[in-house]
2 protein chains.
Amino acid sequence: MISTKGRYALRIMIDLASQDSDAFIPLKDIAERQGISKKYLEIIIKDLVEGNLLTSLSGKGGGYKLKRKPEEYSVGEIIELTEGSLAPVACLAAKAEDCPRASGCITLPLWKEYGELVHNFFYNKKLSDLLND
Amino acid sequence: MISTKGRYALRIMIDLASQDSDAFIPLKDIAERQGISKKYLEIIIKDLVEGNLLTSLSGKGGGYKLKRKPEEYSVGEIIELTEGSLAPVACLAAKAEDCPRASGCITLPLWKEYGELVHNFFYNKKLSDLLND
DNA sequence: GAAAAACCTATCAAATTGATGGGTAAAAAT
DNA sequence: ATTTTTACCCATCAATTTGATAGGTTTTTC
């Protein structure tokens, strides 16, 4: 299941994409619009900044804004960045050590096929596909 | 991610489907073949029996066997039964209470579309598709 | 220098995951 | 009858993840 981290990250990105694209939007505003604790969003938005999806600016008049146009973000990269991985099973995650069972594993092809399906679904969906205005 | 519960359940089912379909197979044998703790598998196989996927027989000569032919089991029902749900987000799980945000939720259609994709993938895959002999 | 913002560090309760251990009941073989 | 083999039942547990909260520091503008 996609946890709140990935889901809230997506809502942050949608929120920013719905605002004036040149202005820096304070997190306080996003938190209020989305009805989510600002403190919790701080943790999540940190990943988005570190992952180079957002630009941030400190101080008065600061906030966050998108680095690219909404159609240039895939939903997949947003979720993968904040959830850590899109892999369907532990042995297919990037950080996973090589499973000794892999060569004879009868279920591995299933998980690979599923992993590709999920990857394609989310990487073909763009942030712009989620905007309704 | 699919946890060990769902993955081991699938391996139990594949193991049983690879044995003589009339015989009761003791869990001890499955555990040894699969290299998984028998005690842990007990917990998992309980779900499979209660979910009516397997028949069990106590006592000497007892064990477990499939209730149907391998082509009559979908991978989806095995995973859904043991993992609890195949839903991609909490608000789409069967046990979820109605989300007050649902009507205006901009991301809900995405999760629904994804949920259907996942459901179709796993329900169209049959246990017989995973047998290699 | 005050105000508004990001940023940084720590902590925490609850739930989930991945098991282990010990005992009871059932069925068959001897 | 008793032993053996099996399923079945119940409790516990350590580690990790999830979903936050709290408080303080730095940066920037007015």
# chains A, B, ... in the order shown; residues from 1 in each chain; ligands from 1
>>> interface_residues(of="chain A", to="chain B", cutoff="12 Å", atoms="only C-alpha atoms", output="JSON, numbers by chain")
{"A": [1, 2, 3, 4, 5, 6, 7, 8, 9, 10, 11, 12, 13, 14, 15, 18, 34, 35, 75, 76, 83, 84, 85, 86, 87, 88, 89, 90, 91, 92, 93, 100, 101, 104, 105, 106, 107, 108, 109, 110, 111, 113, 114, 115, 116, 117, 118, 119, 120, 121, 122, 125, 126, 127, 128, 129, 130, 131, 132, 133]}
>>> select_by_dssp(residues="segment 42-78 of chain B", states="alpha helix (DSSP H)", output="list in words")
Glu42, Ile43, Ile44, Ile45, Lys46, Asp47, Leu48, Val49, Glu50, Val75, Gly76, Glu77 and Ile78 of chain B
>>> write_last_selection(atoms="C-alpha atoms", output="short mmCIF file (atom, residue, chain, number, x, y, z; two decimals), in the first residue's frame")
data_model
loop_
_atom_site.label_atom_id
_atom_site.label_comp_id
_atom_site.auth_asym_id
_atom_site.auth_seq_id
_atom_site.Cartn_x
_atom_site.Cartn_y
_atom_site.Cartn_z
CA GLU B 42 1.37 -22.89 10.27
CA ILE B 43 0.06 -19.37 10.76
CA ILE B 44 -0.15 -18.75 7.04
CA ILE B 45 -1.66 -22.08 6.01
CA LYS B 46 -4.37 -21.56 8.63
CA ASP B 47 -5.66 -18.66 6.53
CA LEU B 48 -5.65 -20.82 3.43
CA VAL B 49 -7.71 -23.51 5.16
CA GLU B 50 -10.14 -21.01 6.69
CA VAL B 75 -3.06 -15.66 -7.66
CA GLY B 76 -5.20 -12.71 -6.62
CA GLU B 77 -7.41 -14.65 -4.26
CA ILE B 78 -4.39 -16.26 -2.60
#
>>> closest_atom_pairs(of="chain C", to="chain A", cutoff="9 Å", atoms="only C-alpha atoms (C1' of nucleotides)", output="CSV")
residue,atom,partner,partner_atom,distance
C:DA3,C1',A:Lys60,CA,7.6
C:DA4,C1',A:Lys60,CA,4.5
C:DA5,C1',A:Gly59,CA,4.2
C:DA6,C1',A:Ser58,CA,4.5
C:DC7,C1',A:Ser58,CA,8.5
>>> write_last_selection(atoms="C-alpha atoms (C1' of nucleotides)", output="mmCIF file, in the first residue's frame")
data_model
loop_
_atom_site.group_PDB
_atom_site.id
_atom_site.type_symbol
_atom_site.label_atom_id
_atom_site.label_comp_id
_atom_site.auth_asym_id
_atom_site.auth_seq_id
_atom_site.Cartn_x
_atom_site.Cartn_y
_atom_site.Cartn_z
ATOM 1 C "C1'" DA C 3 8.474 38.791 11.362
ATOM 2 C "C1'" DA C 4 8.052 34.934 8.381
ATOM 3 C "C1'" DA C 5 9.671 31.432 6.465
ATOM 4 C "C1'" DA C 6 12.646 27.087 5.808
ATOM 5 C "C1'" DC C 7 15.410 23.766 8.176
#
>>> select_by_dssp(residues="chain B", states="strand (DSSP E)", output="list in words")
Leu54, Thr55, Ser56, Leu57, Gly63, Tyr64, Lys65 and Leu66 of chain B
>>> calpha_fit_and_write(fixed="chain A", moving="chain B", output="PDB file with C-alpha atoms, in the first residue's frame")
ATOM      1  CA  MET B   1       0.015   0.003   0.010  1.00  0.00           C
ATOM      2  CA  ILE B   2       1.008   3.563  -0.709  1.00  0.00           C
ATOM      3  CA  SER B   3       1.463   5.221   2.683  1.00  0.00           C
ATOM      4  CA  THR B   4       0.599   8.775   3.704  1.00  0.00           C
ATOM      5  CA  LYS B   5       4.115   9.852   2.804  1.00  0.00           C
ATOM      6  CA  GLY B   6       3.680   9.145  -0.875  1.00  0.00           C
ATOM      7  CA  ARG B   7       0.079  10.278  -0.937  1.00  0.00           C
ATOM      8  CA  TYR B   8       0.772  13.549   0.858  1.00  0.00           C
ATOM      9  CA  ALA B   9       3.791  14.174  -1.367  1.00  0.00           C
ATOM     10  CA  LEU B  10       1.555  13.855  -4.387  1.00  0.00           C
ATOM     11  CA  ARG B  11      -0.949  16.262  -2.862  1.00  0.00           C
ATOM     12  CA  ILE B  12       1.827  18.767  -2.171  1.00  0.00           C
ATOM     13  CA  MET B  13       2.912  18.548  -5.797  1.00  0.00           C
ATOM     14  CA  ILE B  14      -0.645  18.916  -7.082  1.00  0.00           C
ATOM     15  CA  ASP B  15      -1.215  21.848  -4.750  1.00  0.00           C
ATOM     16  CA  LEU B  16       1.912  23.623  -5.992  1.00  0.00           C
ATOM     17  CA  ALA B  17       1.023  22.891  -9.601  1.00  0.00           C
ATOM     18  CA  SER B  18      -2.351  24.551  -9.009  1.00  0.00           C
ATOM     19  CA  GLN B  19      -0.806  27.788  -7.731  1.00  0.00           C
ATOM     20  CA  ASP B  20       0.970  30.569  -9.550  1.00  0.00           C
ATOM     21  CA  SER B  21       4.021  28.829 -10.928  1.00  0.00           C
ATOM     22  CA  ASP B  22       6.396  31.759 -10.363  1.00  0.00           C
ATOM     23  CA  ALA B  23       5.584  32.437  -6.721  1.00  0.00           C
ATOM     24  CA  PHE B  24       7.132  30.721  -3.730  1.00  0.00           C
ATOM     25  CA  ILE B  25       4.312  29.106  -1.766  1.00  0.00           C
ATOM     26  CA  PRO B  26       4.768  28.806   2.001  1.00  0.00           C
ATOM     27  CA  LEU B  27       4.218  25.338   3.428  1.00  0.00           C
ATOM     28  CA  LYS B  28       1.772  26.811   5.908  1.00  0.00           C
ATOM     29  CA  ASP B  29      -0.597  27.607   3.028  1.00  0.00           C
ATOM     30  CA  ILE B  30      -0.283  24.130   1.547  1.00  0.00           C
ATOM     31  CA  ALA B  31      -0.890  22.517   4.920  1.00  0.00           C
ATOM     32  CA  GLU B  32      -4.008  24.612   5.492  1.00  0.00           C
ATOM     33  CA  ARG B  33      -5.436  23.986   2.037  1.00  0.00           C
ATOM     34  CA  GLN B  34      -4.781  20.261   2.289  1.00  0.00           C
ATOM     35  CA  GLY B  35      -5.828  19.945   5.905  1.00  0.00           C
ATOM     36  CA  ILE B  36      -2.637  18.183   6.893  1.00  0.00           C
ATOM     37  CA  SER B  37      -0.295  18.991   9.802  1.00  0.00           C
ATOM     38  CA  LYS B  38       2.418  21.370   8.619  1.00  0.00           C
ATOM     39  CA  LYS B  39       4.965  19.640  10.825  1.00  0.00           C
ATOM     40  CA  TYR B  40       4.367  16.313   9.163  1.00  0.00           C
ATOM     41  CA  LEU B  41       4.516  17.855   5.709  1.00  0.00           C
ATOM     42  CA  GLU B  42       7.914  19.367   6.574  1.00  0.00           C
ATOM     43  CA  ILE B  43       9.379  15.874   6.721  1.00  0.00           C
ATOM     44  CA  ILE B  44       7.857  14.918   3.405  1.00  0.00           C
ATOM     45  CA  ILE B  45       8.637  18.101   1.497  1.00  0.00           C
ATOM     46  CA  LYS B  46      12.260  17.756   2.590  1.00  0.00           C
ATOM     47  CA  ASP B  47      12.491  14.646   0.409  1.00  0.00           C
ATOM     48  CA  LEU B  48      11.003  16.515  -2.521  1.00  0.00           C
ATOM     49  CA  VAL B  49      13.570  19.305  -2.198  1.00  0.00           C
ATOM     50  CA  GLU B  50      16.488  16.902  -1.741  1.00  0.00           C
ATOM     51  CA  GLY B  51      15.228  14.879  -4.692  1.00  0.00           C
ATOM     52  CA  ASN B  52      15.391  18.016  -6.798  1.00  0.00           C
ATOM     53  CA  LEU B  53      11.704  18.152  -7.527  1.00  0.00           C
ATOM     54  CA  LEU B  54      11.176  21.465  -5.743  1.00  0.00           C
ATOM     55  CA  THR B  55      13.042  24.720  -5.168  1.00  0.00           C
ATOM     56  CA  SER B  56      12.858  26.210  -1.699  1.00  0.00           C
ATOM     57  CA  LEU B  57      13.534  29.699  -0.389  1.00  0.00           C
ATOM     58  CA  SER B  58      13.898  30.631   3.258  1.00  0.00           C
ATOM     59  CA  GLY B  59      12.703  33.808   4.884  1.00  0.00           C
ATOM     60  CA  LYS B  60       9.841  36.166   4.323  1.00  0.00           C
ATOM     61  CA  GLY B  61       8.330  35.748   0.886  1.00  0.00           C
ATOM     62  CA  GLY B  62       9.875  32.304   0.748  1.00  0.00           C
ATOM     63  CA  GLY B  63       8.330  28.901   0.359  1.00  0.00           C
ATOM     64  CA  TYR B  64       8.400  26.213  -2.270  1.00  0.00           C
ATOM     65  CA  LYS B  65       7.820  26.010  -5.994  1.00  0.00           C
ATOM     66  CA  LEU B  66       8.080  23.458  -8.771  1.00  0.00           C
ATOM     67  CA  LYS B  67      11.356  23.118 -10.643  1.00  0.00           C
ATOM     68  CA  ARG B  68       9.675  21.970 -13.841  1.00  0.00           C
ATOM     69  CA  LYS B  69       6.352  22.155 -15.598  1.00  0.00           C
ATOM     70  CA  PRO B  70       3.654  19.774 -14.272  1.00  0.00           C
ATOM     71  CA  GLU B  71       3.734  17.697 -17.465  1.00  0.00           C
ATOM     72  CA  GLU B  72       7.425  17.039 -16.856  1.00  0.00           C
ATOM     73  CA  TYR B  73       6.878  15.220 -13.568  1.00  0.00           C
ATOM     74  CA  SER B  74       5.769  11.602 -13.513  1.00  0.00           C
ATOM     75  CA  VAL B  75       3.679  10.414 -10.608  1.00  0.00           C
ATOM     76  CA  GLY B  76       6.119   7.521 -10.413  1.00  0.00           C
ATOM     77  CA  GLU B  77       9.125   9.621  -9.540  1.00  0.00           C
ATOM     78  CA  ILE B  78       7.191  11.448  -6.828  1.00  0.00           C
ATOM     79  CA  ILE B  79       6.001   8.248  -5.202  1.00  0.00           C
ATOM     80  CA  GLU B  80       9.243   6.378  -5.654  1.00  0.00           C
ATOM     81  CA  LEU B  81      11.214   9.224  -4.100  1.00  0.00           C
ATOM     82  CA  THR B  82       9.035   9.537  -1.023  1.00  0.00           C
ATOM     83  CA  GLU B  83       8.087   5.889  -0.511  1.00  0.00           C
ATOM     84  CA  GLY B  84      11.646   4.720  -1.078  1.00  0.00           C
ATOM     85  CA  SER B  85      10.767   2.172  -3.736  1.00  0.00           C
ATOM     86  CA  LEU B  86       8.037   1.099  -6.088  1.00  0.00           C
ATOM     87  CA  ALA B  87       9.191  -2.538  -5.981  1.00  0.00           C
ATOM     88  CA  PRO B  88       6.420  -5.056  -5.249  1.00  0.00           C
ATOM     89  CA  VAL B  89       8.604  -7.411  -3.204  1.00  0.00           C
ATOM     90  CA  ALA B  90      11.684  -6.876  -1.050  1.00  0.00           C
ATOM     91  CA  CYS B  91      14.013  -8.843  -3.310  1.00  0.00           C
ATOM     92  CA  LEU B  92      13.365  -6.462  -6.224  1.00  0.00           C
ATOM     93  CA  ALA B  93      14.065  -3.240  -4.302  1.00  0.00           C
ATOM     94  CA  ALA B  94      17.193  -1.355  -5.333  1.00  0.00           C
ATOM     95  CA  LYS B  95      18.823  -1.720  -1.930  1.00  0.00           C
ATOM     96  CA  ALA B  96      18.100  -5.461  -1.731  1.00  0.00           C
ATOM     97  CA  GLU B  97      21.002  -7.844  -1.462  1.00  0.00           C
ATOM     98  CA  ASP B  98      21.036 -10.636  -4.022  1.00  0.00           C
ATOM     99  CA  CYS B  99      18.638 -13.383  -3.054  1.00  0.00           C
ATOM    100  CA  PRO B 100      20.355 -16.780  -3.138  1.00  0.00           C
ATOM    101  CA  ARG B 101      17.063 -18.331  -4.255  1.00  0.00           C
ATOM    102  CA  ALA B 102      16.751 -16.010  -7.275  1.00  0.00           C
ATOM    103  CA  SER B 103      18.004 -18.424  -9.936  1.00  0.00           C
ATOM    104  CA  GLY B 104      15.492 -21.124  -9.071  1.00  0.00           C
ATOM    105  CA  CYS B 105      12.709 -18.922  -7.745  1.00  0.00           C
ATOM    106  CA  ILE B 106       9.473 -19.925  -9.377  1.00  0.00           C
ATOM    107  CA  THR B 107       7.651 -16.756  -8.349  1.00  0.00           C
ATOM    108  CA  LEU B 108      10.301 -14.230  -9.378  1.00  0.00           C
ATOM    109  CA  PRO B 109       9.030 -13.832 -12.967  1.00  0.00           C
ATOM    110  CA  LEU B 110       5.595 -12.995 -11.578  1.00  0.00           C
ATOM    111  CA  TRP B 111       6.989 -10.273  -9.323  1.00  0.00           C
ATOM    112  CA  LYS B 112       9.114  -8.888 -12.139  1.00  0.00           C
ATOM    113  CA  GLU B 113       6.160  -8.725 -14.497  1.00  0.00           C
ATOM    114  CA  TYR B 114       4.067  -7.071 -11.806  1.00  0.00           C
ATOM    115  CA  GLY B 115       6.881  -4.639 -10.966  1.00  0.00           C
ATOM    116  CA  GLU B 116       7.075  -3.554 -14.585  1.00  0.00           C
ATOM    117  CA  LEU B 117       3.340  -3.067 -14.776  1.00  0.00           C
ATOM    118  CA  VAL B 118       3.375  -0.848 -11.710  1.00  0.00           C
ATOM    119  CA  HIS B 119       6.405   1.065 -12.906  1.00  0.00           C
ATOM    120  CA  ASN B 120       4.902   1.741 -16.307  1.00  0.00           C
ATOM    121  CA  PHE B 121       1.582   2.798 -14.863  1.00  0.00           C
ATOM    122  CA  PHE B 122       3.066   5.380 -12.534  1.00  0.00           C
ATOM    123  CA  TYR B 123       5.795   6.647 -14.827  1.00  0.00           C
ATOM    124  CA  ASN B 124       3.332   7.212 -17.660  1.00  0.00           C
ATOM    125  CA  LYS B 125       1.053   9.234 -15.416  1.00  0.00           C
ATOM    126  CA  LYS B 126       2.112  12.869 -15.277  1.00  0.00           C
ATOM    127  CA  LEU B 127       1.453  15.424 -12.579  1.00  0.00           C
ATOM    128  CA  SER B 128      -0.450  17.449 -15.182  1.00  0.00           C
ATOM    129  CA  ASP B 129      -2.886  14.532 -15.602  1.00  0.00           C
ATOM    130  CA  LEU B 130      -4.055  15.112 -12.041  1.00  0.00           C
ATOM    131  CA  LEU B 131      -4.955  18.788 -12.381  1.00  0.00           C
ATOM    132  CA  ASN B 132      -8.619  19.513 -12.874  1.00  0.00           C
ATOM    133  CA  ASP B 133      -8.674  23.174 -13.798  1.00  0.00           C
TER     134      ASP B 133
END
>>> interface_residues(of="chain D", to="chain B", cutoff="10 Å", atoms="only C-alpha atoms (C1' of nucleotides)", output="ChimeraX atom specification")
/D:4-8
>>> write_last_selection(atoms="N, CA and C atoms (P, O5', C5', C4', C3', O3' and C1' of nucleotides)", output="PDB file, in the first residue's frame")
ATOM      1  P    DT D   4       6.746 -43.695  20.059  1.00  0.00           P
ATOM      2  O5'  DT D   4       6.100 -43.118  18.707  1.00  0.00           O
ATOM      3  C5'  DT D   4       5.782 -44.044  17.656  1.00  0.00           C
ATOM      4  C4'  DT D   4       5.023 -43.327  16.573  1.00  0.00           C
ATOM      5  C3'  DT D   4       5.615 -41.973  16.164  1.00  0.00           C
ATOM      6  O3'  DT D   4       5.798 -41.990  14.763  1.00  0.00           O
ATOM      7  C1'  DT D   4       3.283 -41.776  16.553  1.00  0.00           C
ATOM      8  P    DT D   5       6.703 -40.970  14.023  1.00  0.00           P
ATOM      9  O5'  DT D   5       5.610 -40.090  13.246  1.00  0.00           O
ATOM     10  C5'  DT D   5       4.633 -40.738  12.445  1.00  0.00           C
ATOM     11  C4'  DT D   5       3.477 -39.806  12.205  1.00  0.00           C
ATOM     12  C3'  DT D   5       3.865 -38.386  11.796  1.00  0.00           C
ATOM     13  O3'  DT D   5       3.274 -38.104  10.545  1.00  0.00           O
ATOM     14  C1'  DT D   5       2.190 -38.356  13.465  1.00  0.00           C
ATOM     15  P    DT D   6       3.915 -37.100   9.564  1.00  0.00           P
ATOM     16  O5'  DT D   6       3.054 -35.780   9.811  1.00  0.00           O
ATOM     17  C5'  DT D   6       1.813 -35.661   9.180  1.00  0.00           C
ATOM     18  C4'  DT D   6       0.747 -35.128  10.118  1.00  0.00           C
ATOM     19  C3'  DT D   6       0.698 -33.621  10.328  1.00  0.00           C
ATOM     20  O3'  DT D   6       0.241 -32.966   9.179  1.00  0.00           O
ATOM     21  C1'  DT D   6      -0.122 -34.881  12.198  1.00  0.00           C
ATOM     22  P    DA D   7       0.329 -31.392   9.043  1.00  0.00           P
ATOM     23  O5'  DA D   7      -1.048 -30.905   9.686  1.00  0.00           O
ATOM     24  C5'  DA D   7      -2.291 -31.393   9.201  1.00  0.00           C
ATOM     25  C4'  DA D   7      -3.393 -31.112  10.227  1.00  0.00           C
ATOM     26  C3'  DA D   7      -3.765 -29.636  10.365  1.00  0.00           C
ATOM     27  O3'  DA D   7      -5.167 -29.534  10.504  1.00  0.00           O
ATOM     28  C1'  DA D   7      -3.053 -30.470  12.460  1.00  0.00           C
ATOM     29  P    DC D   8      -5.885 -28.121  10.512  1.00  0.00           P
ATOM     30  O5'  DC D   8      -5.761 -27.647  12.038  1.00  0.00           O
ATOM     31  C5'  DC D   8      -6.602 -28.249  13.019  1.00  0.00           C
ATOM     32  C4'  DC D   8      -6.307 -27.644  14.374  1.00  0.00           C
ATOM     33  C3'  DC D   8      -6.411 -26.120  14.444  1.00  0.00           C
ATOM     34  O3'  DC D   8      -7.316 -25.807  15.485  1.00  0.00           O
ATOM     35  C1'  DC D   8      -4.481 -26.864  15.519  1.00  0.00           C
TER      36       DC D   8
END
>>> atom_distance(atom1="atom C1' of DA1 of chain D", atom2="atom C1' of DA25 of chain C")
17.5 Å
>>> closest_residue(among="D:DT27, D:DG19, D:DT2, D:DA14", to="DA15 of chain C", atoms="only C-alpha atoms (C1' of nucleotides)")
D:DG19
>>> residues_around(residues="DG23 of chain D", least_positions_apart="2", cutoff="12 Å", atoms="only C-alpha atoms (C1' of nucleotides)", output="JSON, numbers by chain")
{"A": [39], "C": [8, 9, 10, 11], "D": [21, 25]}
>>> write_last_selection(atoms="N, CA and C atoms (P, O5', C5', C4', C3', O3' and C1' of nucleotides)", output="PDB file, in the first residue's frame")
ATOM      1  N   LYS A  39       3.757  20.340  10.308  1.00  0.00           N
ATOM      2  CA  LYS A  39       4.955  19.687  10.847  1.00  0.00           C
ATOM      3  C   LYS A  39       5.241  18.365  10.131  1.00  0.00           C
TER       4      LYS A  39
ATOM      5  P    DC C   8      18.599  21.176   6.943  1.00  0.00           P
ATOM      6  O5'  DC C   8      19.639  21.177   8.158  1.00  0.00           O
ATOM      7  C5'  DC C   8      19.506  22.066   9.273  1.00  0.00           C
ATOM      8  C4'  DC C   8      19.104  21.345  10.554  1.00  0.00           C
ATOM      9  C3'  DC C   8      19.179  19.823  10.584  1.00  0.00           C
ATOM     10  O3'  DC C   8      20.218  19.438  11.480  1.00  0.00           O
ATOM     11  C1'  DC C   8      17.255  20.630  11.733  1.00  0.00           C
ATOM     12  P    DT C   9      20.690  17.932  11.687  1.00  0.00           P
ATOM     13  O5'  DT C   9      20.080  17.555  13.121  1.00  0.00           O
ATOM     14  C5'  DT C   9      20.041  18.531  14.163  1.00  0.00           C
ATOM     15  C4'  DT C   9      19.290  17.952  15.349  1.00  0.00           C
ATOM     16  C3'  DT C   9      19.312  16.428  15.448  1.00  0.00           C
ATOM     17  O3'  DT C   9      19.651  16.039  16.765  1.00  0.00           O
ATOM     18  C1'  DT C   9      17.080  17.208  15.518  1.00  0.00           C
ATOM     19  P    DA C  10      19.969  14.485  17.119  1.00  0.00           P
ATOM     20  O5'  DA C  10      18.854  14.201  18.215  1.00  0.00           O
ATOM     21  C5'  DA C  10      18.365  15.263  19.042  1.00  0.00           C
ATOM     22  C4'  DA C  10      16.965  14.947  19.515  1.00  0.00           C
ATOM     23  C3'  DA C  10      16.730  13.465  19.817  1.00  0.00           C
ATOM     24  O3'  DA C  10      16.596  13.300  21.221  1.00  0.00           O
ATOM     25  C1'  DA C  10      14.871  14.459  18.656  1.00  0.00           C
ATOM     26  P    DT C  11      16.433  11.854  21.914  1.00  0.00           P
ATOM     27  O5'  DT C  11      14.844  11.704  22.018  1.00  0.00           O
ATOM     28  C5'  DT C  11      14.054  12.829  22.434  1.00  0.00           C
ATOM     29  C4'  DT C  11      12.594  12.521  22.163  1.00  0.00           C
ATOM     30  C3'  DT C  11      12.196  11.087  22.522  1.00  0.00           C
ATOM     31  O3'  DT C  11      11.261  11.124  23.585  1.00  0.00           O
ATOM     32  C1'  DT C  11      11.274  11.758  20.431  1.00  0.00           C
TER      33       DT C  11
ATOM     34  P    DT D  21       0.203  15.633  14.626  1.00  0.00           P
ATOM     35  O5'  DT D  21       1.238  15.847  15.820  1.00  0.00           O
ATOM     36  C5'  DT D  21       1.175  15.001  16.967  1.00  0.00           C
ATOM     37  C4'  DT D  21       2.318  15.364  17.885  1.00  0.00           C
ATOM     38  C3'  DT D  21       2.457  16.874  18.123  1.00  0.00           C
ATOM     39  O3'  DT D  21       2.439  17.082  19.530  1.00  0.00           O
ATOM     40  C1'  DT D  21       4.538  15.920  17.504  1.00  0.00           C
ATOM     41  P    DT D  25      18.304  27.271  19.967  1.00  0.00           P
ATOM     42  O5'  DT D  25      18.566  27.235  18.400  1.00  0.00           O
ATOM     43  C5'  DT D  25      19.221  26.100  17.803  1.00  0.00           C
ATOM     44  C4'  DT D  25      19.401  26.350  16.319  1.00  0.00           C
ATOM     45  C3'  DT D  25      20.032  27.700  15.978  1.00  0.00           C
ATOM     46  O3'  DT D  25      21.077  27.469  15.045  1.00  0.00           O
ATOM     47  C1'  DT D  25      18.033  27.400  14.752  1.00  0.00           C
TER      48       DT D  25
END
